[in-house]
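Novice: I have a structure I would like to understand better, so I am pasting it below and will then ask my questions one at a time.
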Amino acid sequence: MKQLILSLALLSFLSLRAGAEEGNTSFNQLLKHITTVSPEALAVPEPSIDKSLAQNADGRFWVTVKASDARARTRLLEAGMDIVEINGENSSGFAGPHTMDILSSKAFIVTNRMTIAEYAASQGKDFPAADSAYHNFKETTDLLKQMAAANSDIASLFSIGKTVEGRDIWCLRINSSAKGETPSSKPGSLYIGNHHAREHLSNEVPLLFAAWLFDHKNDADIKKYINTLDIYIIPMLNPDGAEFDIKTGSYQYHRKNMSTNSDKSRGVDLNRNYDSWWCEAGASTYPGSDTYCGPKAFSEPESQAVKRFIEARRNLKTHISYHTYASEILYPWGGSDADVPAKDKAIFEKVGAEMGKLTGYLSHKSSEMYIATGDSCDWAYASGGIFAFTFELDGRGFYPGAAIITSTVNKNIKAAVYLLSVTDNPYKAI
Ligand SMILES: [Zn+2]
């Protein structure tokens with residue numbers, strides 16, 4: 001059965017590639033490739049222990065720990081735990097050996113633990129080939145180039161910088177009058193995916209949003225946005241990590257980038273590396289932790305690239321940073337219990353609630369879940385006054401399969417278009 005699934009997946013992969021090579025960039029055809037993948041290929045593969053993970057065990061565990069409120073969850077983050085799920089008084093997520101030592105003290109109650117290989121098996125996740133409808137770095141790059149070439153009157157593509165391993169961080173710009181890195185005074189909106197490697201769905205949403213915008217560029221409202229706004233889409237901020245996560249044929253549950261740390265462990269948590277209360281509450285100074293904040297703020301080329309990009313574009317007004325998975329929309333502050341000033345708080349609440357209606361996601365202040373410092377959206381709001389939202393997309397687990405792409409993308413396009421509708425002046429939203 002597995003071989004059948006793999007060969008079907010390979011066929012769908014080849015047909016997707018073939019479509020891409022023919023210059024097929026329309027949104028509907030991209031989705032059709034996803035939805036015509038056979039049901040067997042879309043099914044969650046049968047569980048099996050991930051041998052490469054077991055052999056290359058990085059010592060991480062999946063743990064469930066008692067944490068009754070946001071303060072207790074913040075302490076877990078500081079111990080180096082990467083909180084993935086919150087269910088009432090229980091928080092679950094990844095913890096490395098150093099964190100496991102801390103969690104074994106009397107200050108914490110661990111109610112469940114399993115090795116990462118056992119966790120992978122319990123999730124029933126196996127070879128990424130079954131998820132070939134997702135775009136890897138090369139496919140993302142090819143599609144962005146094709147979309148920019150096919151819509152050269154309104155689109156341009158450029159790299160905002162190189163990653164640790166030298167990959168380009170691509171930015172697709174949609175603007176009827178300015179191209180490439182030429183500044184614009186039109187109000188700007190920025191969409192970024194894939195801060196975190198294993199959150200592959202967070203690449204699909206902004207990537208397919210771009211395809212949708214081109215398909216609908218002659219609709220009256222979309223035409224108006226393209227003519228009057230400066231739209232930037234960076235679907236894959238952490239391609240090194242995303243490629244590492246899939247390259248063995250087994251998912252690695254990798255979150256961070258691919259920096260080599262002082263203790264030879266791998267990766268900095270890019271969403272703890274921004275200079276907003278950097279490495280205070282809710283971040284870990286331990287390099288092996290999944291929430292490691294890095295040796296200093298903006299130590300990483302990927303976060304530096306975003307910093308340069310935003311600081312050079314004072315016309316940016318709105319922003320979404322896509323993550324998975326909680327079905328939530330989060331807004332500042334994430335690094336403090338405090339509220340942003342009342343006038344802006346009202347905008348965050350209203351715009352967040354409207355996007356919540358369109359997606360079914362719960363919109364709230366980020367720190368209500370836990371405090372996490374060094375966050376990209378806190379920094380974007382603090383440094384540029386940008387109305388910046390973190391989207392935790394829907395789906396259960398980091399590898400929800402290809403079948404979820406269509407519904408998640410469609411509802412998120414509605415929210416992204418709503419954000420465009422208020423980008424000329426977010427204060428008009430109330
Ligand atoms: Zn994330």
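Numbering starts fresh at 1 for the residues of each chain in the structure tokens, the chains themselves are lettered A, B, ... in the order given, and ligands are numbered from 1 as they appear.
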Quick one: residues within 6 Å of ligand 1, with only C-alpha atoms and all ligand atoms, as a tab-separated table (two decimals) with C-alpha atoms, in the first residue's frame?
Specialist:
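Final output, result_9.tsv:
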```tsv
chain	number	residue	atom	x	y	z
A	196	HIS	CA	9.48	28.34	11.06
A	323	HIS	CA	2.62	30.36	11.01
A	324	THR	CA	0.93	27.06	11.90
```
Novice: So which residues touch Asp69 (chain A) within 10 Å, counting only C-alpha atoms, skipping near sequence neighbours fewer than 4 positions away, as a PDB file with N, CA and C atoms, in the first residue's frame?
Specialist:
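As a result, selection.pdb now contains:
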```
ATOM      1  N   ARG A  73       2.983  29.236  31.300  1.00  0.00           N
ATOM      2  CA  ARG A  73       3.428  28.844  29.955  1.00  0.00           C
ATOM      3  C   ARG A  73       4.679  29.620  29.543  1.00  0.00           C
ATOM      4  N   THR A  74       4.748  30.887  29.958  1.00  0.00           N
ATOM      5  CA  THR A  74       5.939  31.686  29.657  1.00  0.00           C
ATOM      6  C   THR A  74       7.171  31.051  30.313  1.00  0.00           C
ATOM      7  N   GLY A  88      -6.403  23.533  27.864  1.00  0.00           N
ATOM      8  CA  GLY A  88      -6.722  23.827  29.253  1.00  0.00           C
ATOM      9  C   GLY A  88      -5.452  23.996  30.067  1.00  0.00           C
ATOM     10  N   GLU A  89      -5.289  23.171  31.093  1.00  0.00           N
ATOM     11  CA  GLU A  89      -4.136  23.307  31.980  1.00  0.00           C
ATOM     12  C   GLU A  89      -2.917  22.566  31.474  1.00  0.00           C
ATOM     13  N   ASN A  90      -3.022  21.934  30.310  1.00  0.00           N
ATOM     14  CA  ASN A  90      -1.886  21.179  29.772  1.00  0.00           C
ATOM     15  C   ASN A  90      -1.287  21.872  28.557  1.00  0.00           C
ATOM     16  N   SER A  91       0.029  21.989  28.562  1.00  0.00           N
ATOM     17  CA  SER A  91       0.739  22.476  27.378  1.00  0.00           C
ATOM     18  C   SER A  91       1.621  21.347  26.859  1.00  0.00           C
ATOM     19  N   GLU A 368      -1.837  36.972  25.548  1.00  0.00           N
ATOM     20  CA  GLU A 368      -2.849  36.256  26.343  1.00  0.00           C
ATOM     21  C   GLU A 368      -2.560  34.755  26.370  1.00  0.00           C
ATOM     22  N   MET A 369      -1.855  34.270  25.343  1.00  0.00           N
ATOM     23  CA  MET A 369      -1.517  32.841  25.272  1.00  0.00           C
ATOM     24  C   MET A 369      -0.279  32.559  26.119  1.00  0.00           C
ATOM     25  N   TYR A 370       0.756  33.323  25.887  1.00  0.00           N
ATOM     26  CA  TYR A 370       1.971  33.345  26.696  1.00  0.00           C
ATOM     27  C   TYR A 370       2.806  34.527  26.223  1.00  0.00           C
TER      28      TYR A 370
END
```
Novice: Mind the document's chain letters and residue numbers, and return as a VMD selection string the residues of region 119-366 of chain A that DSSP labels alpha helix (DSSP H).
Specialist: chain A and resid 119 to 122 137 to 150 201 to 215 220 to 228 239 to 246 301 to 311 342 to 359
Novice: Could you tell me which of A:Arg266, A:Arg71, A:Lys317, A:Arg396 comes closest to Pro426 (chain A) if we count only C-alpha atoms?
Specialist: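 Among A:Arg266, A:Arg71, A:Lys317, A:Arg396, it is A:Lys317 that comes nearest to Pro426 (chain A).
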Novice: List every residue of region 78-302 of chain A that DSSP, applied to the backbone of this structure, places in strand (DSSP E or B), and write the result as an MDAnalysis selection string.
Specialist: chainID A and resid 82:87 90:95 110:115 155:162 168:174 188:192 230:234 260 266 284 292
Novice: Between CA of Arg314 (chain A) and CA of Gly384 (chain A), measure the distance and give it in Å to one decimal.
Specialist: 6.7 Å
